[in-house]
Amino acid sequence: MHKTATKLADGRELVYYDQESGTVRDTVDERPLEAAASLSETRLDPVLGEWVTVAAHRQQRTYHPPAGECPLCPSRDGRLSEVPAADYQVVVFENRFPSLALNSAAHVTAREDDPLRTLRPGTGRCEVVCFAPDHDASFADLDEAKARLVLDAWTDRTAELSALPEIRQVYCFENRGEEIGVTLAHPHGQIYAFPFVPSRTTRMIRRAEAHRADTGRNLFEDLLAAERAAPERLVLRGEHWTAFVPFAARWPYEVHLYPNRRVRDLTELKEAERAEFPGLYLDLLRRFDRLFPAPAGSAPNRTPYISGWHQAPKDGGDELALHLELFTIRRAPGKLKYLAGVESGLDAFVTDVSPEAAAQRLRDAAAH
């Protein structure tokens, strides 16, 4: 992997990732941009003990532009975009409309003296990861070498962002599809570097610590061993990775992908694990697309999904295990799983597809 860091016209960082060493990336961003301002703040919910980010400036972000005005495409034919180069392989840059930003402290004064009104600046970092220059592609269209380059970029960004003193946890993820809420159709994901440990990670830490206290063993190692021993929910099984539908899946089609060796985060993966990941992950994404075949004569189906890496926070969480969670909100052709009353109101999920049936359908969705 060859890495080239540069600056955009407004001072934001942009990093090119290339497969070939020595690739020259010296195109200058010629747009007349003013420095981006962030007014983000984080507020502590006194009832749940969870941090909520308030980022009202994001109302102005780009929303469903025509393909010819996509800000994530390369700069070509006289049109300047967020990526100055006329072509790229993988590129990462600071979001112009971030939920969290390192300069938020300049606009927000912390308030810690009132337990009912605890407020802090939204100090953090949000980055955009463009997987390919082709506007009409998707991650599933990549070959294994390009998917490996994305993995290397995720790993590099995890290391870089975790080293920032303000950051507690790094989350790499992709939203795909308008049904999910994506506002830019170009194949891309995001990285959030949080100044706090999000509540779901906190809950996982508590469960893992309780399991250790009760059994003397690691929760995630026991979980993975149990799923590998009972193949009814297994989807894919490699030498270094295992993909399965969780026993208590929340979503109609949900798969968790674990390395067989427990590690805290992406930076701890060994070369053999990195080498096997692209093929397995691309297989999973393509199986998701085959779950709901498109009608004859129409464009190929692209199942909406969310995919995210759960990593241990920078400090603590030693009982956690790196894993990727992939799920779709589509429950049947033309039907979506909406989070309505009990899900949105109480976090009490009701799933429409049994995990065992979902795993069988995903196994059956293998390429022929």
# chains A, B, ... in the order shown; residues from 1 in each chain; ligands from 1
$ residues_around --residues "Glu271 in chain A" --least-positions-apart "5" --cutoff "12 Å" --atoms "only C-alpha atoms" --output "MDAnalysis selection string"
chainID A and resid 148 151:152 240 266 276:277
$ write_last_selection --atoms "N, CA and C atoms" --output "PDB file, in the first residue's frame"
ATOM      1  N   ARG A 148      -8.935  -5.372  -0.521  1.00  0.00           N
ATOM      2  CA  ARG A 148      -7.815  -5.412   0.426  1.00  0.00           C
ATOM      3  C   ARG A 148      -7.259  -4.007   0.652  1.00  0.00           C
ATOM      4  N   LEU A 151      -9.418  -2.362   3.151  1.00  0.00           N
ATOM      5  CA  LEU A 151      -9.088  -2.870   4.481  1.00  0.00           C
ATOM      6  C   LEU A 151      -7.823  -2.207   5.012  1.00  0.00           C
ATOM      7  N   ASP A 152      -6.817  -2.049   4.167  1.00  0.00           N
ATOM      8  CA  ASP A 152      -5.579  -1.399   4.593  1.00  0.00           C
ATOM      9  C   ASP A 152      -5.832   0.065   4.961  1.00  0.00           C
ATOM     10  N   HIS A 240      -9.477 -18.397   8.615  1.00  0.00           N
ATOM     11  CA  HIS A 240      -9.183 -17.342   9.589  1.00  0.00           C
ATOM     12  C   HIS A 240     -10.416 -16.524   9.995  1.00  0.00           C
ATOM     13  N   LEU A 266      -8.567  -3.546  14.197  1.00  0.00           N
ATOM     14  CA  LEU A 266      -8.023  -3.869  12.883  1.00  0.00           C
ATOM     15  C   LEU A 266      -6.503  -3.884  12.852  1.00  0.00           C
ATOM     16  N   GLU A 276      -7.210 -13.235   3.715  1.00  0.00           N
ATOM     17  CA  GLU A 276      -8.436 -14.004   3.519  1.00  0.00           C
ATOM     18  C   GLU A 276      -9.689 -13.137   3.560  1.00  0.00           C
ATOM     19  N   PHE A 277      -9.647 -12.020   4.270  1.00  0.00           N
ATOM     20  CA  PHE A 277     -10.843 -11.206   4.471  1.00  0.00           C
ATOM     21  C   PHE A 277     -11.513 -10.758   3.186  1.00  0.00           C
TER      22      PHE A 277
END
$ residues_around --residues "range 28-37 of chain A" --least-positions-apart "3" --cutoff "8 Å" --atoms "only C-alpha atoms" --output "short mmCIF file (atom, residue, chain, number, x, y, z; two decimals) with N, CA, C and O atoms, in the first residue's frame"
data_model
loop_
_atom_site.label_atom_id
_atom_site.label_comp_id
_atom_site.auth_asym_id
_atom_site.auth_seq_id
_atom_site.Cartn_x
_atom_site.Cartn_y
_atom_site.Cartn_z
N LYS A 7 -3.58 18.29 1.42
CA LYS A 7 -4.60 19.17 2.00
C LYS A 7 -5.55 19.65 0.92
O LYS A 7 -5.13 19.94 -0.22
N LEU A 8 -6.82 19.78 1.28
CA LEU A 8 -7.79 20.41 0.40
C LEU A 8 -7.72 21.92 0.55
O LEU A 8 -7.03 22.44 1.45
N ALA A 9 -8.44 22.65 -0.29
CA ALA A 9 -8.32 24.11 -0.32
C ALA A 9 -8.70 24.76 1.00
O ALA A 9 -8.21 25.85 1.33
N ASP A 10 -9.58 24.13 1.78
CA ASP A 10 -10.01 24.72 3.05
C ASP A 10 -9.23 24.17 4.24
O ASP A 10 -9.60 24.42 5.39
N GLY A 11 -8.16 23.43 3.97
CA GLY A 11 -7.30 22.94 5.05
C GLY A 11 -7.61 21.54 5.54
O GLY A 11 -6.85 20.99 6.36
N LEU A 80 -14.61 20.47 -10.63
CA LEU A 80 -13.80 20.21 -9.46
C LEU A 80 -14.66 19.61 -8.35
O LEU A 80 -15.76 20.09 -8.07
N VAL A 83 -12.30 15.43 -4.52
CA VAL A 83 -11.08 14.70 -4.83
C VAL A 83 -10.39 15.40 -5.99
O VAL A 83 -10.85 15.32 -7.14
N PRO A 84 -9.27 16.10 -5.76
CA PRO A 84 -8.64 16.89 -6.82
C PRO A 84 -8.13 16.07 -8.00
O PRO A 84 -8.12 16.55 -9.13
N ARG A 96 -16.65 17.52 5.04
CA ARG A 96 -16.86 18.97 5.09
C ARG A 96 -18.01 19.35 6.02
O ARG A 96 -18.08 20.47 6.51
N PHE A 97 -18.91 18.41 6.29
CA PHE A 97 -20.04 18.66 7.18
C PHE A 97 -20.00 17.61 8.30
O PHE A 97 -20.87 16.75 8.38
N ASN A 103 -11.99 21.03 15.78
CA ASN A 103 -12.07 22.47 16.07
C ASN A 103 -13.36 22.87 16.77
O ASN A 103 -13.64 24.05 16.95
#
$ residues_around --residues "range 132-139 of chain A" --least-positions-apart "4" --cutoff "7 Å" --atoms "only C-alpha atoms" --output "ChimeraX atom specification"
/A:73-74,87-90,186-187
$ write_last_selection --atoms "N, CA and C atoms" --output "PDB file, in the first residue's frame"
ATOM      1  N   CYS A  73     -16.844  11.946  -6.913  1.00  0.00           N
ATOM      2  CA  CYS A  73     -16.198  11.521  -8.146  1.00  0.00           C
ATOM      3  C   CYS A  73     -14.876  12.270  -8.324  1.00  0.00           C
ATOM      4  N   PRO A  74     -13.954  11.750  -9.109  1.00  0.00           N
ATOM      5  CA  PRO A  74     -12.720  12.495  -9.376  1.00  0.00           C
ATOM      6  C   PRO A  74     -13.001  13.813 -10.089  1.00  0.00           C
ATOM      7  N   ASP A  87      -8.265  10.717 -11.187  1.00  0.00           N
ATOM      8  CA  ASP A  87      -8.552   9.312 -10.949  1.00  0.00           C
ATOM      9  C   ASP A  87      -7.982   8.944  -9.583  1.00  0.00           C
ATOM     10  N   TYR A  88      -8.482   7.875  -9.000  1.00  0.00           N
ATOM     11  CA  TYR A  88      -7.948   7.404  -7.724  1.00  0.00           C
ATOM     12  C   TYR A  88      -8.325   5.949  -7.530  1.00  0.00           C
ATOM     13  N   GLN A  89      -7.717   5.304  -6.536  1.00  0.00           N
ATOM     14  CA  GLN A  89      -8.077   3.929  -6.185  1.00  0.00           C
ATOM     15  C   GLN A  89      -8.952   3.934  -4.926  1.00  0.00           C
ATOM     16  N   VAL A  90      -8.377   4.350  -3.806  1.00  0.00           N
ATOM     17  CA  VAL A  90      -9.130   4.583  -2.568  1.00  0.00           C
ATOM     18  C   VAL A  90      -8.670   5.924  -2.018  1.00  0.00           C
ATOM     19  N   HIS A 186     -22.546   7.665  -4.648  1.00  0.00           N
ATOM     20  CA  HIS A 186     -21.203   7.159  -4.962  1.00  0.00           C
ATOM     21  C   HIS A 186     -20.778   6.103  -3.929  1.00  0.00           C
ATOM     22  N   PRO A 187     -20.067   5.033  -4.343  1.00  0.00           N
ATOM     23  CA  PRO A 187     -19.649   4.001  -3.380  1.00  0.00           C
ATOM     24  C   PRO A 187     -18.662   4.558  -2.348  1.00  0.00           C
TER      25      PRO A 187
END
$ closest_residue --among "A:His256, A:His211, A:Arg12, A:Arg168" --to "Leu280 in chain A" --atoms "only C-alpha atoms"
A:His256
$ closest_residue --among "A:Lys337, A:Ala140, A:Tyr192, A:Val47" --to "Asn301 in chain A" --atoms "only C-alpha atoms"
A:Ala140
$ residues_around --residues "range 304-317 of chain A" --least-positions-apart "2" --cutoff "6 Å" --atoms "only C-alpha atoms" --output "NGL selection string"
:A and (168-169 or 172-177 or 205 or 264-265 or 319-320 or 322-328)
$ write_last_selection --atoms "N, CA and C atoms" --output "tab-separated table (two decimals), in the first residue's frame"
chain	number	residue	atom	x	y	z
A	168	ARG	N	-11.55	8.39	21.77
A	168	ARG	CA	-11.73	7.20	22.61
A	168	ARG	C	-12.02	5.94	21.79
A	169	GLN	N	-12.75	6.06	20.68
A	169	GLN	CA	-13.09	4.90	19.88
A	169	GLN	C	-13.24	5.28	18.41
A	172	CYS	N	-15.47	2.33	11.75
A	172	CYS	CA	-15.48	2.37	10.29
A	172	CYS	C	-16.76	1.69	9.81
A	173	PHE	N	-17.50	2.35	8.92
A	173	PHE	CA	-18.78	1.78	8.51
A	173	PHE	C	-19.17	2.23	7.10
A	174	GLU	N	-20.14	1.52	6.53
A	174	GLU	CA	-20.71	1.88	5.25
A	174	GLU	C	-22.23	1.82	5.34
A	175	ASN	N	-22.90	2.85	4.84
A	175	ASN	CA	-24.34	2.84	4.61
A	175	ASN	C	-24.54	2.73	3.10
A	176	ARG	N	-25.39	1.80	2.64
A	176	ARG	CA	-25.64	1.71	1.21
A	176	ARG	C	-27.14	1.71	0.95
A	177	GLY	N	-27.56	2.56	0.02
A	177	GLY	CA	-28.95	2.57	-0.41
A	177	GLY	C	-29.75	3.72	0.14
A	205	ILE	N	-19.01	-4.22	26.75
A	205	ILE	CA	-17.93	-4.36	27.73
A	205	ILE	C	-18.47	-4.92	29.03
A	264	ARG	N	-8.31	-7.02	19.37
A	264	ARG	CA	-9.04	-5.83	19.80
A	264	ARG	C	-9.53	-4.98	18.63
A	265	ASP	N	-8.69	-4.81	17.63
A	265	ASP	CA	-9.04	-3.91	16.54
A	265	ASP	C	-8.33	-4.31	15.26
A	319	GLU	N	-11.74	-7.23	26.98
A	319	GLU	CA	-12.49	-8.45	26.77
A	319	GLU	C	-13.23	-8.45	25.43
A	320	LEU	N	-13.22	-7.33	24.72
A	320	LEU	CA	-13.95	-7.24	23.46
A	320	LEU	C	-13.21	-7.94	22.33
A	322	LEU	N	-12.77	-7.74	17.98
A	322	LEU	CA	-13.05	-7.12	16.69
A	322	LEU	C	-14.03	-7.99	15.91
A	323	HIS	N	-15.04	-7.37	15.34
A	323	HIS	CA	-15.92	-8.09	14.42
A	323	HIS	C	-16.68	-7.09	13.56
A	324	LEU	N	-17.15	-7.56	12.42
A	324	LEU	CA	-17.93	-6.74	11.50
A	324	LEU	C	-19.38	-7.19	11.55
A	325	GLU	N	-20.29	-6.23	11.61
A	325	GLU	CA	-21.72	-6.53	11.60
A	325	GLU	C	-22.33	-5.96	10.32
A	326	LEU	N	-23.01	-6.82	9.58
A	326	LEU	CA	-23.62	-6.47	8.29
A	326	LEU	C	-25.10	-6.82	8.36
A	327	PHE	N	-25.97	-5.85	8.04
A	327	PHE	CA	-27.39	-6.15	8.07
A	327	PHE	C	-28.16	-5.29	7.07
A	328	THR	N	-29.32	-5.78	6.68
A	328	THR	CA	-30.20	-5.04	5.79
A	328	THR	C	-31.54	-4.80	6.49
$ select_by_dssp --residues "range 81-166 of chain A" --states "strand (DSSP E)" --output "PDB file with all heavy atoms, in the first residue's frame"
ATOM      1  N   VAL A  90      -8.377   4.350  -3.806  1.00  0.00           N
ATOM      2  CA  VAL A  90      -9.130   4.583  -2.568  1.00  0.00           C
ATOM      3  C   VAL A  90      -8.670   5.924  -2.018  1.00  0.00           C
ATOM      4  O   VAL A  90      -7.473   6.229  -2.028  1.00  0.00           O
ATOM      5  CB  VAL A  90      -8.889   3.460  -1.529  1.00  0.00           C
ATOM      6  CG1 VAL A  90      -9.576   3.801  -0.201  1.00  0.00           C
ATOM      7  CG2 VAL A  90      -9.399   2.121  -2.050  1.00  0.00           C
ATOM      8  N   VAL A  91      -9.603   6.729  -1.554  1.00  0.00           N
ATOM      9  CA  VAL A  91      -9.238   8.026  -1.003  1.00  0.00           C
ATOM     10  C   VAL A  91     -10.069   8.279   0.255  1.00  0.00           C
ATOM     11  O   VAL A  91     -11.228   7.871   0.346  1.00  0.00           O
ATOM     12  CB  VAL A  91      -9.447   9.152  -2.049  1.00  0.00           C
ATOM     13  CG1 VAL A  91     -10.927   9.349  -2.366  1.00  0.00           C
ATOM     14  CG2 VAL A  91      -8.822  10.452  -1.595  1.00  0.00           C
ATOM     15  N   VAL A  92      -9.430   8.931   1.233  1.00  0.00           N
ATOM     16  CA  VAL A  92     -10.076   9.270   2.506  1.00  0.00           C
ATOM     17  C   VAL A  92      -9.876  10.753   2.756  1.00  0.00           C
ATOM     18  O   VAL A  92      -8.763  11.267   2.570  1.00  0.00           O
ATOM     19  CB  VAL A  92      -9.478   8.455   3.672  1.00  0.00           C
ATOM     20  CG1 VAL A  92     -10.132   8.839   4.991  1.00  0.00           C
ATOM     21  CG2 VAL A  92      -9.605   6.956   3.416  1.00  0.00           C
ATOM     22  N   PHE A  93     -10.930  11.453   3.180  1.00  0.00           N
ATOM     23  CA  PHE A  93     -10.760  12.869   3.500  1.00  0.00           C
ATOM     24  C   PHE A  93     -11.714  13.266   4.620  1.00  0.00           C
ATOM     25  O   PHE A  93     -12.727  12.605   4.870  1.00  0.00           O
ATOM     26  CB  PHE A  93     -10.985  13.758   2.264  1.00  0.00           C
ATOM     27  CG  PHE A  93     -12.324  13.606   1.601  1.00  0.00           C
ATOM     28  CD1 PHE A  93     -13.420  14.351   2.020  1.00  0.00           C
ATOM     29  CD2 PHE A  93     -12.488  12.725   0.547  1.00  0.00           C
ATOM     30  CE1 PHE A  93     -14.656  14.223   1.417  1.00  0.00           C
ATOM     31  CE2 PHE A  93     -13.726  12.584  -0.081  1.00  0.00           C
ATOM     32  CZ  PHE A  93     -14.815  13.334   0.358  1.00  0.00           C
ATOM     33  N   GLU A  94     -11.369  14.348   5.284  1.00  0.00           N
ATOM     34  CA  GLU A  94     -12.224  14.880   6.345  1.00  0.00           C
ATOM     35  C   GLU A  94     -13.556  15.362   5.758  1.00  0.00           C
ATOM     36  O   GLU A  94     -13.589  16.064   4.751  1.00  0.00           O
ATOM     37  CB  GLU A  94     -11.539  16.050   7.035  1.00  0.00           C
ATOM     38  CG  GLU A  94     -10.357  15.685   7.906  1.00  0.00           C
ATOM     39  CD  GLU A  94      -9.798  16.904   8.620  1.00  0.00           C
ATOM     40  OE1 GLU A  94     -10.445  17.368   9.591  1.00  0.00           O
ATOM     41  OE2 GLU A  94      -8.752  17.401   8.185  1.00  0.00           O
ATOM     42  N   LEU A 119     -22.525  19.177  29.208  1.00  0.00           N
ATOM     43  CA  LEU A 119     -22.288  19.505  27.804  1.00  0.00           C
ATOM     44  C   LEU A 119     -20.792  19.601  27.542  1.00  0.00           C
ATOM     45  O   LEU A 119     -20.035  20.129  28.372  1.00  0.00           O
ATOM     46  CB  LEU A 119     -22.990  20.816  27.453  1.00  0.00           C
ATOM     47  CG  LEU A 119     -22.857  21.373  26.044  1.00  0.00           C
ATOM     48  CD1 LEU A 119     -24.137  22.095  25.638  1.00  0.00           C
ATOM     49  CD2 LEU A 119     -21.668  22.347  25.932  1.00  0.00           C
ATOM     50  N   ARG A 120     -20.368  19.098  26.385  1.00  0.00           N
ATOM     51  CA  ARG A 120     -18.966  19.192  25.983  1.00  0.00           C
ATOM     52  C   ARG A 120     -18.895  19.531  24.503  1.00  0.00           C
ATOM     53  O   ARG A 120     -19.848  19.274  23.756  1.00  0.00           O
ATOM     54  CB  ARG A 120     -18.238  17.853  26.224  1.00  0.00           C
ATOM     55  CG  ARG A 120     -18.120  17.449  27.687  1.00  0.00           C
ATOM     56  CD  ARG A 120     -17.497  16.081  27.824  1.00  0.00           C
ATOM     57  NE  ARG A 120     -17.431  15.639  29.219  1.00  0.00           N
ATOM     58  CZ  ARG A 120     -17.071  14.421  29.595  1.00  0.00           C
ATOM     59  NH1 ARG A 120     -16.757  13.509  28.680  1.00  0.00           N
ATOM     60  NH2 ARG A 120     -17.037  14.104  30.878  1.00  0.00           N
ATOM     61  N   PRO A 121     -17.776  20.086  24.043  1.00  0.00           N
ATOM     62  CA  PRO A 121     -17.613  20.291  22.603  1.00  0.00           C
ATOM     63  C   PRO A 121     -17.659  18.957  21.867  1.00  0.00           C
ATOM     64  O   PRO A 121     -17.261  17.918  22.403  1.00  0.00           O
ATOM     65  CB  PRO A 121     -16.218  20.935  22.492  1.00  0.00           C
ATOM     66  CG  PRO A 121     -15.940  21.487  23.850  1.00  0.00           C
ATOM     67  CD  PRO A 121     -16.633  20.588  24.827  1.00  0.00           C
ATOM     68  N   ARG A 125     -13.534  13.413  14.986  1.00  0.00           N
ATOM     69  CA  ARG A 125     -13.212  13.539  13.558  1.00  0.00           C
ATOM     70  C   ARG A 125     -14.116  12.606  12.763  1.00  0.00           C
ATOM     71  O   ARG A 125     -14.367  11.475  13.174  1.00  0.00           O
ATOM     72  CB  ARG A 125     -11.743  13.200  13.319  1.00  0.00           C
ATOM     73  CG  ARG A 125     -11.328  13.307  11.866  1.00  0.00           C
ATOM     74  CD  ARG A 125      -9.934  13.840  11.746  1.00  0.00           C
ATOM     75  NE  ARG A 125      -9.280  13.405  10.523  1.00  0.00           N
ATOM     76  CZ  ARG A 125      -8.207  14.010  10.006  1.00  0.00           C
ATOM     77  NH1 ARG A 125      -7.675  15.051  10.624  1.00  0.00           N
ATOM     78  NH2 ARG A 125      -7.660  13.571   8.904  1.00  0.00           N
ATOM     79  N   CYS A 126     -14.605  13.109  11.637  1.00  0.00           N
ATOM     80  CA  CYS A 126     -15.427  12.322  10.731  1.00  0.00           C
ATOM     81  C   CYS A 126     -14.779  12.342   9.346  1.00  0.00           C
ATOM     82  O   CYS A 126     -14.471  13.417   8.823  1.00  0.00           O
ATOM     83  CB  CYS A 126     -16.838  12.892  10.636  1.00  0.00           C
ATOM     84  SG  CYS A 126     -17.769  12.779  12.181  1.00  0.00           S
ATOM     85  N   GLU A 127     -14.581  11.165   8.786  1.00  0.00           N
ATOM     86  CA  GLU A 127     -13.918  11.052   7.492  1.00  0.00           C
ATOM     87  C   GLU A 127     -14.801  10.294   6.510  1.00  0.00           C
ATOM     88  O   GLU A 127     -15.614   9.455   6.887  1.00  0.00           O
ATOM     89  CB  GLU A 127     -12.577  10.322   7.647  1.00  0.00           C
ATOM     90  CG  GLU A 127     -11.600  11.064   8.540  1.00  0.00           C
ATOM     91  CD  GLU A 127     -10.250  10.379   8.656  1.00  0.00           C
ATOM     92  OE1 GLU A 127     -10.156   9.163   8.399  1.00  0.00           O
ATOM     93  OE2 GLU A 127      -9.275  11.073   9.010  1.00  0.00           O
ATOM     94  N   VAL A 128     -14.612  10.600   5.236  1.00  0.00           N
ATOM     95  CA  VAL A 128     -15.288   9.920   4.134  1.00  0.00           C
ATOM     96  C   VAL A 128     -14.282   8.998   3.464  1.00  0.00           C
ATOM     97  O   VAL A 128     -13.141   9.396   3.210  1.00  0.00           O
ATOM     98  CB  VAL A 128     -15.847  10.931   3.111  1.00  0.00           C
ATOM     99  CG1 VAL A 128     -16.488  10.218   1.929  1.00  0.00           C
ATOM    100  CG2 VAL A 128     -16.849  11.863   3.781  1.00  0.00           C
ATOM    101  N   VAL A 129     -14.694   7.756   3.177  1.00  0.00           N
ATOM    102  CA  VAL A 129     -13.835   6.784   2.497  1.00  0.00           C
ATOM    103  C   VAL A 129     -14.471   6.451   1.158  1.00  0.00           C
ATOM    104  O   VAL A 129     -15.545   5.841   1.112  1.00  0.00           O
ATOM    105  CB  VAL A 129     -13.683   5.491   3.328  1.00  0.00           C
ATOM    106  CG1 VAL A 129     -12.703   4.539   2.645  1.00  0.00           C
ATOM    107  CG2 VAL A 129     -13.244   5.794   4.748  1.00  0.00           C
ATOM    108  N   CYS A 130     -13.835   6.856   0.055  1.00  0.00           N
ATOM    109  CA  CYS A 130     -14.335   6.536  -1.278  1.00  0.00           C
ATOM    110  C   CYS A 130     -13.684   5.240  -1.738  1.00  0.00           C
ATOM    111  O   CYS A 130     -12.463   5.151  -1.847  1.00  0.00           O
ATOM    112  CB  CYS A 130     -14.021   7.665  -2.251  1.00  0.00           C
ATOM    113  SG  CYS A 130     -14.846   9.220  -1.860  1.00  0.00           S
TER     114      CYS A 130
END
$ select_by_dssp --residues "range 129-315 of chain A" --states "helix (DSSP H, G or I)" --output "PyMOL selection string"
chain A and resi 139-141+144-162+199-215+219-229+231-233+266-268+271-290
$ atom_distance --atom1 "CA of His64 in chain A" --atom2 "CA of Thr183 in chain A"
4.9 Å
$ closest_residue --among "A:Gly238, A:Gly279, A:Pro46, A:Gly22" --to "Asp114 in chain A" --atoms "only C-alpha atoms"
A:Pro46
$ residues_around --residues "Ser104 in chain A" --least-positions-apart "2" --cutoff "9 Å" --atoms "only C-alpha atoms" --output "JSON, numbers by chain"
{"A": [37, 38, 39, 40, 41, 100, 101, 102, 106, 107, 108, 121, 122, 123, 124]}
